[in-house]
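First the structure, in the form of structure tokens, and then the observations on it.
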Amino acid sequence: MATRVSHFEIDWWVIQKRAVYIGVLILLLCVIAGGAALYVWKYGNPLRNVAMHSDPLAGARFMSFEGDVRVIRSATRQVVLANNDIQLYPGDTVQTQADGRARISMADGSTVVVRPNSTIIIRDNASAEDGKRSNVHVVVDSGQMLVRTPQQSEDNKNVIETPKTQNQISGQTAASFGVNPEGTEEIRVNSGAVESANRIGEHMTLQGGEYVSVNQSGTLSRPQRLLDVPQPLQPRDLEKILTGGGGSASVALRWQKPQSGVPAYYRVEVATSPFFVPEGKVIERDQLVVTQFNASDLRPGAYFWRIRASASSGQTSDWSEPLKFIVSTQGANVVGVPVSNLSAVYLGGNVYLVRGTTSPGTTVRIAGREAAAAADGLFQVQISAPPGMREVTIQASDSQGNRSQYRVPLTRTG
């Protein structure tokens with residue numbers, strides 16, 4: 001009978017020391033990853049506020065600008081001229097000269113318009129990536145600035161500061177802030193709401209259609225009914241008027257009363273410059289109690305006119321947008337205005353930059369925006385085109401009343 005022998009066979013595995021270290025490291029990384037996931041699940045993402053301080057989102061940009069607009073960099077105090085590539089960061093100053101105007105887009109989607117002879121300082125301009133939290137703070141140091149805000153949440157803060165007041169701007173608000181040379185200030189709220197406070201702690205809530213003045217000591221006046229802007233009626237924009245037998249023309253200027261407020265009198269100005277610089281003013285007439293004025297002895301050329309109203313309380317309305325009319329001689333032939341090298345550069349979103357070449361001084365109007373060709377004949381106009389628009393119409397006119405129209409295709413290529 002055979003005898004069974006029981007035995008075990010043992011295989012020995014030879015493991016390198018480095019493999020042991022790698023295994024331990026992998027195990028340790030798994031433990032750390034699991035702990036981090038548990039922390040995020042229980043307490044939330046600890047880096048969620050980092051986007052509020054991201055520098056790439058902090059730069060405000062020029063949407064459009066005209067005339068002499070300058071930027072003073074906060075870090076170097078270097079003065080540079082405005083251009084489409086400049087980003088504006090906290091501490092930067094924007095100055096417009098007598099012929100300058102700028103429209104700036106802020107981080108929260110609001111828009112500020114800097115009027116001629118004005119200075120503003122950007123204190124803060126931050127926004128989270130989700131767009132639900134933002135902090136915009138602009139100082140109006142002198143002149144006048146308009147602000148329009150979109151719909152926004154309670155976490156969005158938009159503050160406009162003047163030398164004597166600090167103002168919290170609500171969503172969907174349109175308001176203007178003026179700082180006068182004599183030290184007084186004005187706040188006009190066209191729509192929405194503004195929470196205003198002066199330096200001594202007085203607070204006031206202004207609703208759409210209200211106006212307050214701030215005296216030299218910083219005291220806020222009682223809210224008044226906002227005096228709206230008079231609306232020009234005649235001559236219409238770009239209207240051509242022929243001279244009489246003496247080689248000059250008499251032009252009847254007519255306007256409509258403000259829709260809001262009670263005007264006591266009007267002031268009308270006629271100039272050869274759309275910025276109404278002193279050397280370009282032809283007619284200045286104040287204390288007009290009727291809604292028309294006859295501008296006489298106007299020689300052939302291009303003219304701009306505007307109107308504003310004043311109330312008996314001392315409140316003045318904003319100026320109306322300038323309208324242009326052309327005085328030309330009898331029998332003058334209307335010829336086309338040559339424009340060449342037209343192109344539309346896609347900048348992103350619905351924004352395009354239209355460029356071209358024409359005669360110096362020619363006025364170019366595109367999608368409601370207007371610019372004058374420089375001394376070398378070059379012009380560029382930044383526009384916003386509705387989605388689906390495939391081309392834009394360009395209207396060119398010179399000082400003799402000659403006009404032409406051109407069309408430029410809009411393509412979303414670089």
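Please note that chains go A, B, ... in the order of the structure tokens, that every chain numbers its residues from 1, and that ligands are numbered from 1 in the order shown.
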Fewer than 5 positions away in the same chain doesn't count, so skip those; otherwise give me all residues within 6 Å of range 94-101 of chain A, counting only C-alpha atoms, as JSON, numbers by chain. {"A": [65, 66, 67, 68, 69, 70, 71, 114, 115, 116, 117, 118, 119, 120, 275]}
Write down as a ChimeraX atom specification the residues of range 249-356 of chain A whose backbone DSSP state falls under strand (DSSP E or B). /A:249-256,265-271,281-288,292-298,301-310,316,323-328,340-348,351-356
Judged by only C-alpha atoms, the minimum distance to Ser260 in chain A among A:Tyr352, A:Tyr211, A:Tyr21, A:Tyr406 is found for A:Tyr211
I want to know what sits within 12 Å of Ser196 in chain A, based on only C-alpha atoms, with residues of the same chain fewer than 6 positions away left out; could you give that as JSON, numbers by chain? {"A": [159, 160, 161, 162, 164, 165, 166, 167, 168, 169, 170, 175, 177, 186, 187, 188, 189, 202, 203, 204, 205, 206, 207, 211, 212, 213, 214, 218, 219, 220, 221, 223]}
Residues at most 10 Å from Gly349 in chain A, counting only C-alpha atoms, excluding those fewer than 6 positions away in the same chain, as an MDAnalysis selection string? chainID A and resid 384:387 412
Deliver the residues from the most recent selection as a file, using N, CA and C atoms, as a PDB file, in the first residue's frame.
ATOM      1  N   SER A 384     -21.884  98.386 -32.676  1.00  0.00           N
ATOM      2  CA  SER A 384     -22.495  97.139 -32.234  1.00  0.00           C
ATOM      3  C   SER A 384     -23.566  96.766 -33.253  1.00  0.00           C
ATOM      4  N   ALA A 385     -23.460  95.578 -33.806  1.00  0.00           N
ATOM      5  CA  ALA A 385     -24.405  95.117 -34.830  1.00  0.00           C
ATOM      6  C   ALA A 385     -25.291  94.025 -34.250  1.00  0.00           C
ATOM      7  N   PRO A 386     -26.597  94.087 -34.467  1.00  0.00           N
ATOM      8  CA  PRO A 386     -27.497  93.043 -33.972  1.00  0.00           C
ATOM      9  C   PRO A 386     -27.122  91.683 -34.550  1.00  0.00           C
ATOM     10  N   PRO A 387     -27.367  90.609 -33.813  1.00  0.00           N
ATOM     11  CA  PRO A 387     -27.076  89.267 -34.347  1.00  0.00           C
ATOM     12  C   PRO A 387     -27.809  89.033 -35.664  1.00  0.00           C
ATOM     13  N   ARG A 412     -17.639  87.376 -39.312  1.00  0.00           N
ATOM     14  CA  ARG A 412     -17.038  87.087 -37.995  1.00  0.00           C
ATOM     15  C   ARG A 412     -15.759  86.309 -38.166  1.00  0.00           C
TER      16      ARG A 412
END
Could you pull the residues within 10 Å of Gln292 in chain A, counting only C-alpha atoms, minus those fewer than 4 positions along the same chain, as a ChimeraX atom specification? /A:232-234,252-256,266,268,288
Give me the residues near Ser273 in chain A as a PyMOL selection string, where near means some atom within 12 Å (using only C-alpha atoms) and where sequence neighbours in that chain fewer than 2 positions away do not count. chain A and resi 67+98-100+269-271+275-282+301-306+322-325+361+363+371-372+399
Nearest to Gly401 in chain A among A:Arg61, A:Asn156, A:Gln172, A:Val327, with distances taken over only C-alpha atoms: which residue is it? A:Val327
Quote the spacing between CA of Arg407 in chain A and CA of Val351 in chain A in Å to one decimal place. 16.8 Å
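For Ala367 in chain A, the residues within 10 Å (counting only C-alpha atoms, excluding itself and residues fewer than 5 positions away along the chain) are Val381, Gln382, Ile383, Ser384, Ala385, Val392, Thr393, Ile394 and Gln395 of chain A.
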Selection file, C-alpha atoms, as a PDB file, in the first residue's frame:
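Saved file selection-v8.pdb follows:
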ATOM      1  CA  VAL A 381     -15.847 103.773 -35.926  1.00  0.00           C
ATOM      2  CA  GLN A 382     -16.623 101.068 -33.372  1.00  0.00           C
ATOM      3  CA  ILE A 383     -20.198  99.784 -33.699  1.00  0.00           C
ATOM      4  CA  SER A 384     -22.495  97.139 -32.234  1.00  0.00           C
ATOM      5  CA  ALA A 385     -24.405  95.117 -34.830  1.00  0.00           C
ATOM      6  CA  VAL A 392     -23.765  97.886 -42.464  1.00  0.00           C
ATOM      7  CA  THR A 393     -24.485 101.152 -44.297  1.00  0.00           C
ATOM      8  CA  ILE A 394     -21.936 103.982 -44.199  1.00  0.00           C
ATOM      9  CA  GLN A 395     -23.038 107.575 -44.816  1.00  0.00           C
TER      10      GLN A 395
END
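You can rank A:Ala36, A:Val147, A:Val139, A:Leu81 by their closest distance to Met106 in chain A using only C-alpha atoms, and at the top of that list sits A:Val147.
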List every residue of range 11-256 of chain A that DSSP, applied to the backbone of this structure, places in helix (DSSP H, G or I), and write the result as JSON, numbers by chain. {"A": [17, 18, 19, 20, 21, 22, 23, 24, 25, 26, 27, 28, 29, 30, 31, 32, 33, 34, 35, 36, 37, 38, 39, 40, 41, 42, 43, 50, 51, 52, 53, 55, 56, 57]}
Mind writing the picked residues with N, CA and C atoms as an mmCIF file, in the first residue's frame?
data_model
loop_
_atom_site.group_PDB
_atom_site.id
_atom_site.type_symbol
_atom_site.label_atom_id
_atom_site.label_comp_id
_atom_site.auth_asym_id
_atom_site.auth_seq_id
_atom_site.Cartn_x
_atom_site.Cartn_y
_atom_site.Cartn_z
ATOM 1 N N LYS A 17 12.629 47.550 -3.526
ATOM 2 C CA LYS A 17 12.313 48.574 -2.537
ATOM 3 C C LYS A 17 11.620 49.775 -3.195
ATOM 4 N N ARG A 18 11.986 50.140 -4.404
ATOM 5 C CA ARG A 18 11.365 51.279 -5.090
ATOM 6 C C ARG A 18 9.886 51.049 -5.341
ATOM 7 N N ALA A 19 9.509 49.805 -5.649
ATOM 8 C CA ALA A 19 8.099 49.495 -5.875
ATOM 9 C C ALA A 19 7.287 49.692 -4.602
ATOM 10 N N VAL A 20 7.908 49.359 -3.463
ATOM 11 C CA VAL A 20 7.219 49.568 -2.185
ATOM 12 C C VAL A 20 6.976 51.055 -1.957
ATOM 13 N N TYR A 21 7.981 51.863 -2.236
ATOM 14 C CA TYR A 21 7.835 53.312 -2.062
ATOM 15 C C TYR A 21 6.742 53.869 -2.973
ATOM 16 N N ILE A 22 6.709 53.418 -4.218
ATOM 17 C CA ILE A 22 5.696 53.903 -5.163
ATOM 18 C C ILE A 22 4.300 53.531 -4.683
ATOM 19 N N GLY A 23 4.150 52.328 -4.187
ATOM 20 C CA GLY A 23 2.844 51.895 -3.690
ATOM 21 C C GLY A 23 2.379 52.733 -2.517
ATOM 22 N N VAL A 24 3.315 53.007 -1.612
ATOM 23 C CA VAL A 24 2.961 53.837 -0.448
ATOM 24 C C VAL A 24 2.577 55.248 -0.895
ATOM 25 N N LEU A 25 3.304 55.798 -1.870
ATOM 26 C CA LEU A 25 2.999 57.150 -2.365
ATOM 27 C C LEU A 25 1.620 57.203 -3.014
ATOM 28 N N ILE A 26 1.291 56.191 -3.816
ATOM 29 C CA ILE A 26 -0.029 56.153 -4.460
ATOM 30 C C ILE A 26 -1.124 56.084 -3.415
ATOM 31 N N LEU A 27 -0.904 55.246 -2.404
ATOM 32 C CA LEU A 27 -1.895 55.127 -1.327
ATOM 33 C C LEU A 27 -2.082 56.448 -0.600
ATOM 34 N N LEU A 28 -0.960 57.167 -0.355
ATOM 35 C CA LEU A 28 -1.027 58.454 0.336
ATOM 36 C C LEU A 28 -1.772 59.500 -0.498
ATOM 37 N N LEU A 29 -1.515 59.518 -1.824
ATOM 38 C CA LEU A 29 -2.213 60.459 -2.704
ATOM 39 C C LEU A 29 -3.710 60.162 -2.739
ATOM 40 N N CYS A 30 -4.077 58.899 -2.715
ATOM 41 C CA CYS A 30 -5.506 58.542 -2.702
ATOM 42 C C CYS A 30 -6.174 59.035 -1.429
ATOM 43 N N VAL A 31 -5.463 58.916 -0.308
ATOM 44 C CA VAL A 31 -6.018 59.401 0.965
ATOM 45 C C VAL A 31 -6.208 60.907 0.935
ATOM 46 N N ILE A 32 -5.213 61.648 0.384
ATOM 47 C CA ILE A 32 -5.308 63.112 0.308
ATOM 48 C C ILE A 32 -6.454 63.524 -0.610
ATOM 49 N N ALA A 33 -6.569 62.882 -1.778
ATOM 50 C CA ALA A 33 -7.650 63.207 -2.721
ATOM 51 C C ALA A 33 -9.011 62.935 -2.108
ATOM 52 N N GLY A 34 -9.125 61.829 -1.396
ATOM 53 C CA GLY A 34 -10.392 61.529 -0.749
ATOM 54 C C GLY A 34 -10.745 62.549 0.326
ATOM 55 N N GLY A 35 -9.720 62.974 1.089
ATOM 56 C CA GLY A 35 -9.968 63.990 2.111
ATOM 57 C C GLY A 35 -10.383 65.322 1.498
ATOM 58 N N ALA A 36 -9.728 65.709 0.379
ATOM 59 C CA ALA A 36 -10.093 66.967 -0.285
ATOM 60 C C ALA A 36 -11.513 66.909 -0.828
ATOM 61 N N ALA A 37 -11.881 65.767 -1.418
ATOM 62 C CA ALA A 37 -13.241 65.629 -1.941
ATOM 63 C C ALA A 37 -14.273 65.708 -0.825
ATOM 64 N N LEU A 38 -13.946 65.100 0.319
ATOM 65 C CA LEU A 38 -14.863 65.158 1.458
ATOM 66 C C LEU A 38 -15.007 66.586 1.973
ATOM 67 N N TYR A 39 -13.893 67.346 1.991
ATOM 68 C CA TYR A 39 -13.936 68.748 2.467
ATOM 69 C C TYR A 39 -14.799 69.605 1.536
ATOM 70 N N VAL A 40 -14.595 69.461 0.205
ATOM 71 C CA VAL A 40 -15.386 70.237 -0.753
ATOM 72 C C VAL A 40 -16.858 69.889 -0.650
ATOM 73 N N TRP A 41 -17.155 68.585 -0.449
ATOM 74 C CA TRP A 41 -18.551 68.172 -0.329
ATOM 75 C C TRP A 41 -19.216 68.764 0.909
ATOM 76 N N LYS A 42 -18.445 68.873 1.991
ATOM 77 C CA LYS A 42 -19.020 69.341 3.257
ATOM 78 C C LYS A 42 -19.004 70.850 3.395
ATOM 79 N N TYR A 43 -17.911 71.523 2.945
ATOM 80 C CA TYR A 43 -17.744 72.964 3.195
ATOM 81 C C TYR A 43 -17.779 73.823 1.932
ATOM 82 N N VAL A 50 -11.676 83.335 -5.687
ATOM 83 C CA VAL A 50 -10.443 83.780 -6.346
ATOM 84 C C VAL A 50 -10.751 84.581 -7.593
ATOM 85 N N ALA A 51 -11.837 84.241 -8.296
ATOM 86 C CA ALA A 51 -12.176 84.945 -9.541
ATOM 87 C C ALA A 51 -12.439 86.415 -9.319
ATOM 88 N N MET A 52 -12.851 86.787 -8.098
ATOM 89 C CA MET A 52 -13.123 88.195 -7.830
ATOM 90 C C MET A 52 -11.861 89.035 -7.927
ATOM 91 N N HIS A 53 -10.701 88.395 -7.802
ATOM 92 C CA HIS A 53 -9.448 89.152 -7.793
ATOM 93 C C HIS A 53 -8.599 88.869 -9.016
ATOM 94 N N ASP A 55 -6.904 89.502 -12.327
ATOM 95 C CA ASP A 55 -6.510 90.699 -13.065
ATOM 96 C C ASP A 55 -7.038 90.750 -14.491
ATOM 97 N N PRO A 56 -7.090 89.613 -15.241
ATOM 98 C CA PRO A 56 -7.544 89.721 -16.615
ATOM 99 C C PRO A 56 -8.954 90.271 -16.754
ATOM 100 N N LEU A 57 -9.823 90.094 -15.700
ATOM 101 C CA LEU A 57 -11.179 90.584 -15.796
ATOM 102 C C LEU A 57 -11.316 92.022 -15.312
#
